[in-house]
file target37.cif (mmCIF, C-alpha atoms)
data_run
loop_
_atom_site.label_atom_id
_atom_site.label_comp_id
_atom_site.auth_asym_id
_atom_site.auth_seq_id
_atom_site.Cartn_x
_atom_site.Cartn_y
_atom_site.Cartn_z
CA MET X 244 41.89 -94.35 -112.31
CA GLU X 245 40.41 -96.77 -109.83
CA ASP X 246 42.29 -99.73 -108.41
CA GLU X 247 41.58 -102.92 -110.31
CA GLU X 248 39.92 -104.40 -107.24
CA GLU X 249 37.32 -101.62 -107.34
CA ARG X 250 36.36 -101.85 -110.99
CA GLU X 251 32.76 -102.85 -111.41
CA VAL X 252 31.48 -105.19 -114.09
CA TYR X 253 28.09 -104.51 -115.63
CA ASN X 254 25.74 -106.69 -117.58
CA CYS X 255 25.81 -105.60 -121.23
CA GLU X 256 22.00 -105.58 -121.41
CA VAL X 257 20.79 -102.12 -122.37
CA LYS X 258 18.45 -100.79 -119.69
CA LEU X 259 16.43 -97.60 -119.75
CA ARG X 260 18.22 -94.66 -118.18
CA GLU X 261 16.62 -93.42 -114.99
CA LYS X 262 15.66 -89.75 -115.35
CA PRO X 263 18.43 -88.92 -117.84
CA GLU X 264 19.74 -85.39 -117.42
CA LYS X 265 19.80 -83.04 -120.39
CA ARG X 266 23.16 -81.35 -119.93
CA LYS X 267 23.22 -79.47 -123.23
CA GLU X 268 20.85 -78.40 -125.99
CA ARG X 269 23.57 -79.01 -128.56
CA VAL X 270 26.77 -81.07 -128.64
CA TYR X 271 29.80 -80.81 -130.94
CA ILE X 272 31.60 -84.07 -131.75
CA GLY X 273 34.64 -84.34 -134.00
CA CYS X 274 36.29 -87.25 -135.75
CA GLY X 275 40.03 -87.19 -135.13
CA ALA X 276 40.85 -90.50 -136.84
CA GLY X 277 39.12 -92.86 -139.22
CA PHE X 278 41.55 -95.80 -139.28
CA ALA X 279 44.64 -97.18 -137.52
CA GLY X 280 47.11 -95.43 -139.84
CA ASP X 281 45.52 -91.99 -139.68
CA ARG X 282 47.47 -88.79 -138.96
CA PRO X 283 47.54 -87.28 -135.45
CA ILE X 284 48.45 -83.87 -136.88
CA ALA X 285 45.12 -83.76 -138.75
CA ALA X 286 43.28 -84.32 -135.46
CA LEU X 287 45.29 -81.55 -133.82
CA LYS X 288 44.39 -79.18 -136.68
CA LEU X 289 40.70 -79.95 -136.19
CA LEU X 290 41.00 -79.34 -132.45
CA LYS X 291 42.70 -76.00 -133.11
CA ARG X 292 40.41 -74.82 -135.90
CA VAL X 293 36.98 -75.63 -134.44
CA PRO X 294 36.30 -73.14 -131.62
CA LYS X 295 33.96 -75.46 -129.73
CA LEU X 296 34.49 -79.20 -129.72
CA ASP X 297 33.01 -81.14 -126.80
CA TYR X 298 34.34 -84.55 -127.89
CA LEU X 299 37.03 -85.85 -130.20
CA VAL X 300 36.67 -89.48 -131.33
CA LEU X 301 39.68 -91.48 -132.52
CA GLU X 302 38.32 -94.47 -134.45
CA CYS X 303 41.45 -96.57 -135.00
CA LEU X 304 40.28 -100.19 -134.79
CA ALA X 305 39.09 -102.61 -137.46
CA GLU X 306 38.61 -106.36 -137.66
CA ARG X 307 42.05 -106.83 -139.17
CA THR X 308 43.84 -104.60 -136.66
CA LEU X 309 42.03 -106.19 -133.70
CA ALA X 310 42.99 -109.71 -134.77
CA HIS X 311 46.56 -108.53 -135.42
CA ARG X 312 46.81 -107.03 -131.92
CA TYR X 313 45.60 -110.32 -130.44
CA GLN X 314 48.18 -112.28 -132.42
CA LEU X 315 51.04 -109.99 -131.38
CA MET X 316 50.00 -109.97 -127.73
CA LEU X 317 49.66 -113.75 -127.67
CA SER X 318 53.15 -114.17 -129.14
CA GLY X 319 54.65 -111.70 -126.66
CA LEU X 320 56.00 -109.55 -129.48
CA ASP X 321 53.96 -106.44 -128.73
CA VAL X 322 51.23 -104.94 -126.58
CA GLY X 323 47.55 -105.70 -127.09
CA TYR X 324 46.56 -102.05 -127.48
CA ASP X 325 47.46 -99.74 -130.35
CA PRO X 326 51.08 -98.72 -129.65
CA ARG X 327 50.53 -95.41 -131.46
CA ILE X 328 48.35 -94.30 -128.55
CA SER X 329 51.51 -92.73 -127.10
CA GLU X 330 52.00 -90.58 -130.19
CA TRP X 331 48.33 -89.56 -130.32
CA MET X 332 47.97 -88.67 -126.65
CA SER X 333 51.28 -86.83 -126.38
CA LEU X 334 50.15 -84.55 -129.18
CA LEU X 335 46.45 -84.10 -128.32
CA LEU X 336 46.15 -84.20 -124.54
CA PRO X 337 47.51 -80.72 -123.68
CA LEU X 338 45.14 -78.84 -126.01
CA ALA X 339 42.19 -81.17 -125.40
CA LEU X 340 42.50 -80.65 -121.65
CA GLU X 341 42.83 -76.87 -122.14
CA LYS X 342 39.67 -76.73 -124.28
CA GLY X 343 37.69 -79.19 -122.15
CA THR X 344 37.43 -81.71 -125.01
CA CYS X 345 36.92 -85.34 -123.98
CA ILE X 346 38.77 -87.89 -126.14
CA ILE X 347 37.03 -91.19 -126.89
CA THR X 348 39.00 -93.92 -128.64
CA ASN X 349 38.91 -97.64 -129.38
CA MET X 350 42.71 -97.87 -129.37
CA GLY X 351 42.43 -100.16 -126.35
CA ALA X 352 41.89 -103.04 -128.82
CA ILE X 353 42.57 -106.32 -127.00
CA ASP X 354 44.14 -104.70 -123.89
CA PRO X 355 42.26 -101.51 -122.92
CA ILE X 356 43.56 -101.60 -119.34
CA GLY X 357 47.13 -101.58 -120.59
CA ALA X 358 46.21 -98.63 -122.81
CA GLN X 359 44.69 -96.85 -119.83
CA GLN X 360 47.93 -97.13 -117.86
CA LYS X 361 49.95 -95.94 -120.84
CA VAL X 362 47.78 -92.82 -121.22
CA LEU X 363 48.08 -92.08 -117.50
CA ASP X 364 51.85 -92.41 -117.77
CA ILE X 365 51.92 -90.03 -120.74
CA ALA X 366 49.77 -87.48 -118.92
CA ASN X 367 52.04 -87.71 -115.88
CA SER X 368 55.10 -87.12 -118.06
CA LEU X 369 53.40 -84.01 -119.45
CA GLY X 370 52.51 -82.76 -115.98
CA LEU X 371 48.78 -83.27 -116.58
CA GLN X 372 46.23 -84.62 -114.12
CA ILE X 373 43.56 -86.57 -115.96
CA THR X 374 40.87 -89.19 -115.45
CA VAL X 375 40.91 -92.13 -117.87
CA ALA X 376 37.94 -94.49 -118.00
CA VAL X 377 37.76 -97.83 -119.82
CA ALA X 378 34.80 -99.64 -121.40
CA PHE X 379 35.41 -103.20 -122.52
CA GLU X 380 34.13 -106.75 -122.56
CA VAL X 381 34.97 -109.34 -119.90
CA ILE X 382 34.20 -113.04 -119.72
CA GLU X 383 31.09 -113.81 -117.70
CA ALA X 384 31.93 -115.38 -114.33
CA LYS X 385 30.21 -118.61 -113.35
CA GLU X 386 29.48 -117.51 -109.82
CA ALA X 387 26.20 -115.72 -109.21
CA GLY X 388 25.86 -112.10 -108.18
CA SER X 389 28.10 -109.14 -108.82
CA ARG X 390 31.83 -109.61 -109.04
CA LEU X 391 35.07 -107.72 -109.41
CA LEU X 392 37.44 -107.78 -112.35
CA PRO X 393 40.38 -110.19 -111.90
CA LYS X 394 43.88 -108.73 -111.81
CA ARG X 395 44.71 -109.03 -115.49
CA SER X 396 44.59 -106.82 -118.54
CA PHE X 397 44.18 -109.63 -121.06
CA ILE X 398 40.44 -110.00 -120.83
CA MET X 399 39.06 -111.48 -124.04
CA GLU X 400 39.53 -115.23 -124.04
CA GLY X 401 40.59 -116.59 -127.41
CA GLY X 402 40.61 -113.08 -128.84
CA VAL X 403 36.82 -113.17 -129.21
CA SER X 404 35.34 -109.69 -129.05
CA THR X 405 31.77 -108.46 -129.20
CA TYR X 406 30.71 -105.29 -131.00
CA LEU X 407 29.44 -103.32 -128.03
CA GLY X 408 27.15 -100.32 -128.32
CA ALA X 409 27.14 -96.87 -126.76
CA ALA X 410 25.74 -97.91 -123.36
CA PRO X 411 29.05 -98.73 -121.58
CA ILE X 412 30.58 -95.45 -122.80
CA VAL X 413 27.55 -93.56 -121.48
CA GLN X 414 28.06 -95.30 -118.12
CA CYS X 415 31.70 -94.15 -118.09
CA LEU X 416 30.64 -90.58 -118.78
CA GLU X 417 27.99 -90.64 -116.06
CA LYS X 418 30.17 -92.20 -113.38
CA TYR X 419 33.64 -90.73 -113.96
CA LYS X 420 33.28 -87.50 -116.02
CA PRO X 421 36.57 -88.56 -117.67
CA ASP X 422 39.00 -86.67 -119.85
CA VAL X 423 39.68 -89.80 -121.91
CA ILE X 424 37.65 -92.95 -122.55
CA ILE X 425 39.36 -96.03 -123.95
CA THR X 426 37.36 -98.94 -125.32
CA SER X 427 37.86 -102.35 -126.81
CA ARG X 428 35.69 -103.40 -129.80
CA VAL X 429 32.77 -101.00 -130.01
CA ALA X 430 30.61 -100.43 -133.10
CA ASP X 431 32.15 -97.44 -134.86
CA ALA X 432 29.05 -95.24 -134.85
CA ALA X 433 28.50 -95.96 -131.14
CA LEU X 434 31.71 -94.11 -130.25
CA PHE X 435 30.01 -90.94 -131.51
CA LEU X 436 26.48 -91.77 -130.35
CA ALA X 437 27.45 -92.21 -126.69
CA PRO X 438 28.28 -88.54 -125.96
CA MET X 439 25.04 -87.50 -127.70
CA VAL X 440 23.00 -89.78 -125.43
CA TYR X 441 24.86 -88.54 -122.35
CA GLU X 442 24.87 -84.80 -123.07
CA LEU X 443 21.42 -84.46 -124.66
CA GLY X 444 19.59 -86.63 -122.14
CA TRP X 445 18.34 -89.18 -124.65
CA ASN X 446 16.95 -92.50 -123.50
CA TRP X 447 17.19 -95.85 -125.25
CA THR X 448 13.56 -95.56 -126.35
CA ASP X 449 14.12 -92.23 -128.13
CA PHE X 450 14.38 -94.13 -131.40
CA THR X 451 14.22 -91.19 -133.82
CA GLN X 452 16.99 -89.32 -132.00
CA LEU X 453 19.06 -92.51 -131.73
CA ALA X 454 18.59 -93.12 -135.45
CA GLN X 455 19.74 -89.60 -136.30
CA GLY X 456 22.65 -89.91 -133.87
CA SER X 457 23.70 -93.24 -135.39
CA LEU X 458 23.51 -91.62 -138.82
CA ALA X 459 25.86 -88.87 -137.65
CA GLY X 460 28.25 -91.44 -136.21
CA HIS X 461 28.25 -93.48 -139.41
CA LEU X 462 28.98 -90.40 -141.50
CA LEU X 463 31.85 -89.33 -139.24
CA GLU X 464 33.47 -92.70 -138.56
CA CYS X 465 35.72 -92.81 -141.64
CA GLY X 466 37.13 -89.33 -141.21
CA CYS X 467 38.13 -87.58 -144.42
CA GLN X 468 36.06 -89.94 -146.57
CA LEU X 469 33.20 -87.59 -145.68
CA THR X 470 35.08 -84.44 -146.64
CA GLY X 471 36.25 -85.52 -150.08
CA GLY X 472 39.16 -87.85 -149.38
CA TYR X 473 37.88 -90.53 -151.75
CA PHE X 474 35.76 -88.25 -153.90
CA MET X 475 38.32 -86.65 -156.20
CA HIS X 476 38.26 -87.81 -159.82
CA PRO X 477 40.48 -85.76 -162.20
CA GLY X 478 38.70 -84.99 -165.43
CA ASP X 479 35.20 -85.34 -163.94
CA GLN X 480 33.69 -81.85 -163.74
CA TYR X 481 31.60 -82.85 -160.71
CA ARG X 482 34.46 -84.38 -158.75
CA GLN X 483 37.42 -82.26 -159.78
CA MET X 484 39.65 -80.96 -156.99
CA SER X 485 43.14 -79.44 -157.10
CA PHE X 486 46.02 -81.33 -155.53
CA GLN X 487 46.71 -78.41 -153.21
CA HIS X 488 43.07 -78.40 -152.10
CA LEU X 489 43.46 -82.01 -150.99
CA LEU X 490 46.51 -81.20 -148.86
CA ASP X 491 44.46 -79.09 -146.46
CA ILE X 492 41.49 -81.44 -146.25
CA SER X 493 39.67 -81.15 -142.92
CA LEU X 494 38.47 -83.96 -140.72
CA PRO X 495 34.70 -83.67 -140.10
CA PHE X 496 32.65 -82.91 -137.01
CA ALA X 497 28.96 -83.07 -136.19
CA ILE X 498 26.60 -80.60 -134.54
CA VAL X 499 23.73 -82.48 -132.89
CA ASP X 500 20.70 -80.94 -131.16
CA TYR X 501 18.45 -82.38 -128.47
CA ASP X 502 15.61 -82.95 -130.96
CA GLY X 503 17.85 -85.03 -133.24
CA LYS X 504 18.73 -82.33 -135.74
CA VAL X 505 22.12 -83.24 -137.23
CA SER X 506 24.60 -81.24 -139.28
CA VAL X 507 28.03 -82.39 -140.36
CA ALA X 508 30.75 -79.86 -141.02
CA LYS X 509 34.41 -79.23 -141.68
CA ALA X 510 36.58 -76.46 -140.31
CA ASP X 511 35.79 -73.12 -141.96
CA GLY X 512 37.79 -72.34 -145.06
CA THR X 513 39.64 -75.66 -145.23
CA GLY X 514 40.24 -77.85 -148.27
CA GLY X 515 38.33 -80.89 -149.37
CA ILE X 516 34.65 -81.00 -150.29
CA LEU X 517 31.56 -81.47 -148.12
CA ASN X 518 28.27 -81.65 -150.00
CA PHE X 519 25.34 -83.90 -150.92
CA SER X 520 27.53 -86.20 -152.99
CA THR X 521 30.29 -86.78 -150.43
CA CYS X 522 27.67 -87.41 -147.72
CA ALA X 523 25.72 -89.83 -149.95
CA GLU X 524 28.94 -91.66 -150.82
CA GLN X 525 29.82 -92.16 -147.14
CA LEU X 526 26.21 -92.99 -146.18
CA LEU X 527 26.29 -96.15 -148.31
CA TYR X 528 29.78 -97.18 -147.22
CA GLU X 529 29.82 -100.63 -145.55
CA ILE X 530 26.03 -100.89 -145.55
CA GLY X 531 24.42 -104.01 -147.00
CA ASP X 532 20.75 -103.11 -146.96
CA PRO X 533 20.07 -99.37 -146.41
CA GLY X 534 16.65 -100.28 -145.05
CA GLU X 535 18.08 -102.60 -142.42
CA TYR X 536 21.39 -101.30 -141.10
CA VAL X 537 22.07 -103.27 -137.93
CA THR X 538 23.54 -101.36 -134.98
CA PRO X 539 23.72 -102.24 -131.28
CA ASP X 540 22.03 -98.98 -130.30
CA VAL X 541 18.69 -98.61 -132.06
CA VAL X 542 17.83 -101.23 -129.51
CA SER X 543 14.35 -102.36 -130.50
CA GLU X 544 14.63 -101.80 -134.23
CA ILE X 545 17.19 -101.69 -137.03
CA LEU X 546 18.25 -98.41 -138.62
CA ASP X 547 16.61 -97.38 -141.90
CA VAL X 548 18.50 -94.81 -144.00
CA THR X 549 16.49 -95.12 -147.22
CA ASP X 550 14.86 -91.70 -146.71
CA VAL X 551 18.00 -89.88 -145.65
CA SER X 552 18.80 -86.71 -147.54
CA PHE X 553 21.30 -83.89 -147.29
CA ASP X 554 20.96 -80.12 -147.66
CA SER X 555 24.03 -77.94 -148.01
CA LEU X 556 23.89 -75.01 -145.60
CA SER X 557 27.25 -73.64 -146.74
CA SER X 558 30.42 -74.88 -148.41
CA ASP X 559 31.51 -76.25 -145.03
CA LYS X 560 28.25 -77.53 -143.52
CA VAL X 561 25.49 -80.00 -144.48
CA LEU X 562 22.15 -80.72 -142.79
CA CYS X 563 21.36 -84.45 -142.51
CA HIS X 564 17.82 -85.72 -142.01
CA GLY X 565 15.56 -88.71 -142.58
CA ALA X 566 17.17 -91.50 -140.54
CA LYS X 567 14.59 -93.62 -138.72
CA PRO X 568 14.24 -96.96 -136.96
CA ALA X 569 13.26 -99.78 -139.32
CA VAL X 570 10.17 -101.85 -138.60
CA SER X 571 10.94 -105.12 -140.36
CA CYS X 572 13.38 -106.89 -138.10
CA ILE X 573 14.69 -106.89 -134.53
CA PRO X 574 18.14 -108.41 -133.84
CA ASP X 575 18.42 -110.52 -130.70
CA LYS X 576 22.20 -111.03 -130.75
CA LEU X 577 25.30 -108.88 -130.99
CA LEU X 578 27.98 -109.43 -133.62
CA GLN X 579 31.25 -111.08 -132.55
CA LEU X 580 34.69 -111.25 -134.10
CA VAL X 581 36.41 -114.63 -133.66
CA PRO X 582 40.03 -114.78 -134.85
CA LYS X 583 41.25 -118.09 -136.25
CA ASP X 584 44.85 -119.27 -136.49
CA CYS X 585 44.64 -120.57 -140.04
CA GLY X 586 44.74 -119.51 -143.66
CA TRP X 587 47.27 -117.45 -145.58
CA LYS X 588 48.80 -114.04 -145.24
CA GLY X 589 47.82 -111.70 -148.07
CA TRP X 590 49.25 -108.48 -149.43
CA GLY X 591 47.22 -105.69 -150.94
CA GLU X 592 47.88 -102.72 -153.16
CA ILE X 593 45.90 -99.78 -154.44
CA SER X 594 45.34 -99.90 -158.18
CA TYR X 595 43.68 -97.44 -160.51
CA GLY X 596 41.74 -98.44 -163.61
CA GLY X 597 39.14 -97.00 -165.93
CA PHE X 598 38.52 -93.41 -166.98
CA GLY X 599 41.14 -90.97 -165.72
CA CYS X 600 43.11 -93.72 -163.95
CA VAL X 601 46.53 -92.20 -164.69
CA LYS X 602 45.53 -88.80 -163.31
CA ARG X 603 44.04 -90.40 -160.20
CA ALA X 604 47.24 -92.40 -159.65
CA GLU X 605 49.29 -89.21 -160.05
CA ALA X 606 47.08 -87.51 -157.44
CA ALA X 607 47.72 -90.37 -155.02
CA GLU X 608 51.46 -90.21 -155.70
CA PHE X 609 51.46 -86.47 -155.02
CA LEU X 610 49.64 -86.83 -151.71
CA VAL X 611 51.84 -89.68 -150.50
CA SER X 612 55.03 -87.82 -151.42
CA GLN X 613 53.83 -84.66 -149.65
CA SER X 614 53.13 -86.58 -146.43
CA MET X 615 56.56 -88.24 -146.26
#
call {"tool": "encode", "arguments": {"input": "target37.cif", "output": "structure tokens"}}
result
Amino acid sequence: MEDEEEREVYNCEVKLREKPEKRKERVYIGCGAGFAGDRPIAALKLLKRVPKLDYLVLECLAERTLAHRYQLMLSGLDVGYDPRISEWMSLLLPLALEKGTCIITNMGAIDPIGAQQKVLDIANSLGLQITVAVAFEVIEAKEAGSRLLPKRSFIMEGGVSTYLGAAPIVQCLEKYKPDVIITSRVADAALFLAPMVYELGWNWTDFTQLAQGSLAGHLLECGCQLTGGYFMHPGDQYRQMSFQHLLDISLPFAIVDYDGKVSVAKADGTGGILNFSTCAEQLLYEIGDPGEYVTPDVVSEILDVTDVSFDSLSSDKVLCHGAKPAVSCIPDKLLQLVPKDCGWKGWGEISYGGFGCVKRAEAAEFLVSQSM
């Protein structure tokens, strides 16, 4: 960890990498979490079961959780980062450090510097020496030239946060070779794309590789949704799965080659399902137009997934191909989240309707009761 006075601030403009080094022919990247309430023990199981895992990504931040962190921090009731970072790091750091697996997470939320200090404190309590890098947004200073970060951890005025891409994470990897990287609001797929760019020596003009890498990140970002978590439908012969099979569902990981070849996989012999259907289901998740999926990282063009297809290589592994940069539209701005102190608080519940609804509700009840 550098002193705050020494932290450099970079312009967020994506610039071509100068002579990027190809460090590996192939990189292995796992998803350890797909939402704020995910289970650390599932990430630990993935880390134990997959012999080689270069990176483990904990995707724990959404629009709702980011705004909630801002509200709590502003009121003085809680910290601006995800307080569960202590639980996650206490469990994962020893084995991750032993295996040489770098952890990348957006649990920094509205206060990534506070999260950095917390992780350093946890490592110290465990007797571990680690390097923790942070990638986050700061307010542009009015004075010209380069500047240093002010002495404060609350860095996003008004809670406004921009969906950053992979570039600042790549910079962290290049400069610090860290054991852990903590970010603020970063596009979900970019958390996975960054280590691909760094390890495989891709540049920001390698659009086909970036498209395939973004595809891999999008498939992984929701964790067990890819490996059958939302796929089960009792009574449907194509989506039937035993309750016990769901209990041992594996988080997914990706195997990405220098040329952009992508396979997604789950730990050998684990529960859940990984096939064409589960991949297709996740591919279309949170995408408006499959021909124009906007990301911050296919920097001159928008991602087109209309020709994407999946080939099962085994019961635990699927080849993914066909992602490409779109040609119809070029975004000139990044997306921002602006919290507003207004409106009403709402409550939600999960309901089941339609064919087989009772059996699906019983499956949910079984899983919840088993996890308590």
call {"tool": "closest_residue", "arguments": {"input": "target37.cif", "among": "X:Ala510, X:Val413, X:Met350, X:Val505", "to": "Leu287 in chain X", "atoms": "all atoms listed in the file"}}
result
X:Ala510
call {"tool": "resolve_selection", "arguments": {"input": "target37.cif", "expression": "the PyMOL selection byres ((chain X and resi 488) around 10)", "output": "VMD selection string"}}
result
chain X and resid 484 to 487 489 to 492 513 to 516
call {"tool": "resolve_selection", "arguments": {"input": "target37.cif", "expression": "the PyMOL selection byres ((chain X and resi 522) around 9)", "output": "NGL selection string"}}
result
:X and (462 or 468-470 or 507 or 517-521 or 523-527 or 552-553 or 561 or 563)
call {"tool": "write_last_selection", "arguments": {"input": "target37.cif", "atoms": "C-alpha atoms", "output": "CSV table (one decimal), in the coordinates of the input"}}
result
chain,number,residue,atom,x,y,z
X,462,LEU,CA,29.0,-90.4,-141.5
X,468,GLN,CA,36.1,-89.9,-146.6
X,469,LEU,CA,33.2,-87.6,-145.7
X,470,THR,CA,35.1,-84.4,-146.6
X,507,VAL,CA,28.0,-82.4,-140.4
X,517,LEU,CA,31.6,-81.5,-148.1
X,518,ASN,CA,28.3,-81.6,-150.0
X,519,PHE,CA,25.3,-83.9,-150.9
X,520,SER,CA,27.5,-86.2,-153.0
X,521,THR,CA,30.3,-86.8,-150.4
X,523,ALA,CA,25.7,-89.8,-150.0
X,524,GLU,CA,28.9,-91.7,-150.8
X,525,GLN,CA,29.8,-92.2,-147.1
X,526,LEU,CA,26.2,-93.0,-146.2
X,527,LEU,CA,26.3,-96.2,-148.3
X,552,SER,CA,18.8,-86.7,-147.5
X,553,PHE,CA,21.3,-83.9,-147.3
X,561,VAL,CA,25.5,-80.0,-144.5
X,563,CYS,CA,21.4,-84.4,-142.5
call {"tool": "residues_around", "arguments": {"input": "target37.cif", "residues": "range 373-375 of chain X", "least_positions_apart": "2", "cutoff": "10 Å", "atoms": "only C-alpha atoms", "output": "NGL selection string"}}
result
:X and (244-245 or 336 or 340 or 345-347 or 356 or 358-360 or 362-363 or 366-367 or 370-371 or 377 or 415 or 419-425)
call {"tool": "resolve_selection", "arguments": {"input": "target37.cif", "expression": "the PyMOL selection byres ((chain X and resi 436) around 8)", "output": "PyMOL selection string"}}
result
chain X and resi 409+432-435+437-440+453+456-457+459-460
call {"tool": "atom_distance", "arguments": {"input": "target37.cif", "atom1": "CA of Lys567 in chain X", "atom2": "CA of Val257 in chain X"}}
result
19.4 Å
call {"tool": "atom_distance", "arguments": {"input": "target37.cif", "atom1": "CA of Cys465 in chain X", "atom2": "CA of Ala378 in chain X"}}
result
21.4 Å
call {"tool": "atom_distance", "arguments": {"input": "target37.cif", "atom1": "CA of Glu302 in chain X", "atom2": "CA of Gly466 in chain X"}}
result
8.6 Å
call {"tool": "residues_around", "arguments": {"input": "target37.cif", "residues": "Lys583 in chain X", "least_positions_apart": "4", "cutoff": "10 Å", "atoms": "all atoms listed in the file", "output": "list in words"}}
result
Ala310, Gln314, Gly401, Gly402 and Val403 of chain X
call {"tool": "closest_residue", "arguments": {"input": "target37.cif", "among": "X:Lys265, X:Lys361, X:Lys509, X:Arg312", "to": "Pro294 in chain X", "atoms": "all atoms listed in the file"}}
result
X:Lys509
call {"tool": "closest_residue", "arguments": {"input": "target37.cif", "among": "X:Ile353, X:Ala285, X:Gly319, X:Tyr441", "to": "Lys262 in chain X", "atoms": "all atoms listed in the file"}}
result
X:Tyr441
call {"tool": "closest_residue", "arguments": {"input": "target37.cif", "among": "X:Tyr298, X:Leu259, X:Asp321, X:Gly471", "to": "Val499 in chain X", "atoms": "only C-alpha atoms"}}
result
X:Tyr298
call {"tool": "residues_near_point", "arguments": {"input": "target37.cif", "point": "(37.2, -116.2, -132.9)", "cutoff": "12 Å", "atoms": "all atoms listed in the file", "output": "PyMOL selection string"}}
result
chain X and resi 306+309-310+313-314+399-405+578-585
call {"tool": "residues_near_point", "arguments": {"input": "target37.cif", "point": "(10.3, -92.4, -131.6)", "cutoff": "12 Å", "atoms": "only C-alpha atoms", "output": "JSON, numbers by chain"}}
result
{"X": [445, 446, 447, 448, 449, 450, 451, 452, 453, 454, 455, 502, 503, 541, 542, 543, 544, 566, 567, 568, 569, 570]}
call {"tool": "closest_residue", "arguments": {"input": "target37.cif", "among": "X:Leu407, X:Leu369, X:Arg428, X:Leu320", "to": "Gly351 in chain X", "atoms": "all atoms listed in the file"}}
result
X:Arg428
call {"tool": "residues_around", "arguments": {"input": "target37.cif", "residues": "range 281-283 of chain X", "least_positions_apart": "2", "cutoff": "9 Å", "atoms": "only C-alpha atoms", "output": "MDAnalysis selection string"}}
result
chainID X and resid 275:279 285:288 303 330:332 334:335 466
call {"tool": "closest_residue", "arguments": {"input": "target37.cif", "among": "X:Gly591, X:Gly472, X:Glu268, X:Ser506", "to": "Leu610 in chain X", "atoms": "all atoms listed in the file"}}
result
X:Gly472
call {"tool": "decode", "arguments": {"input": "target37.cif", "residues": "range 269-273 of chain X", "atoms": "all heavy atoms", "output": "mmCIF file, in the first residue's frame"}}
result
data_model
loop_
_atom_site.group_PDB
_atom_site.id
_atom_site.type_symbol
_atom_site.label_atom_id
_atom_site.label_comp_id
_atom_site.auth_asym_id
_atom_site.auth_seq_id
_atom_site.Cartn_x
_atom_site.Cartn_y
_atom_site.Cartn_z
ATOM 1 N N ARG X 269 -2.645 -18.675 -21.870
ATOM 2 C CA ARG X 269 -3.984 -19.012 -21.397
ATOM 3 C C ARG X 269 -4.127 -18.525 -19.965
ATOM 4 O O ARG X 269 -3.208 -18.635 -19.164
ATOM 5 C CB ARG X 269 -4.198 -20.515 -21.490
ATOM 6 C CG ARG X 269 -5.471 -21.036 -20.862
ATOM 7 C CD ARG X 269 -5.626 -22.529 -21.100
ATOM 8 N NE ARG X 269 -5.902 -22.821 -22.505
ATOM 9 C CZ ARG X 269 -5.998 -24.048 -23.014
ATOM 10 N NH1 ARG X 269 -5.801 -25.100 -22.223
ATOM 11 N NH2 ARG X 269 -6.270 -24.234 -24.287
ATOM 12 N N VAL X 270 -5.321 -17.998 -19.632
ATOM 13 C CA VAL X 270 -5.565 -17.520 -18.278
ATOM 14 C C VAL X 270 -6.859 -18.128 -17.754
ATOM 15 O O VAL X 270 -7.822 -18.337 -18.506
ATOM 16 C CB VAL X 270 -5.615 -15.965 -18.245
ATOM 17 C CG1 VAL X 270 -6.772 -15.429 -19.078
ATOM 18 C CG2 VAL X 270 -5.688 -15.445 -16.822
ATOM 19 N N TYR X 271 -6.866 -18.449 -16.454
ATOM 20 C CA TYR X 271 -8.016 -19.061 -15.792
ATOM 21 C C TYR X 271 -8.605 -18.057 -14.803
ATOM 22 O O TYR X 271 -7.900 -17.605 -13.884
ATOM 23 C CB TYR X 271 -7.599 -20.329 -15.037
ATOM 24 C CG TYR X 271 -7.090 -21.438 -15.923
ATOM 25 C CD1 TYR X 271 -5.793 -21.410 -16.442
ATOM 26 C CD2 TYR X 271 -7.899 -22.531 -16.226
ATOM 27 C CE1 TYR X 271 -5.325 -22.427 -17.259
ATOM 28 C CE2 TYR X 271 -7.431 -23.562 -17.032
ATOM 29 C CZ TYR X 271 -6.139 -23.497 -17.547
ATOM 30 O OH TYR X 271 -5.666 -24.505 -18.353
ATOM 31 N N ILE X 272 -9.878 -17.713 -14.990
ATOM 32 C CA ILE X 272 -10.517 -16.678 -14.183
ATOM 33 C C ILE X 272 -11.826 -17.214 -13.617
ATOM 34 O O ILE X 272 -12.719 -17.622 -14.368
ATOM 35 C CB ILE X 272 -10.791 -15.409 -15.021
ATOM 36 C CG1 ILE X 272 -9.483 -14.901 -15.649
ATOM 37 C CG2 ILE X 272 -11.442 -14.327 -14.164
ATOM 38 C CD1 ILE X 272 -9.690 -13.811 -16.673
ATOM 39 N N GLY X 273 -11.962 -17.202 -12.307
ATOM 40 C CA GLY X 273 -13.154 -17.724 -11.665
ATOM 41 C C GLY X 273 -14.062 -16.627 -11.143
ATOM 42 O O GLY X 273 -13.606 -15.523 -10.844
#
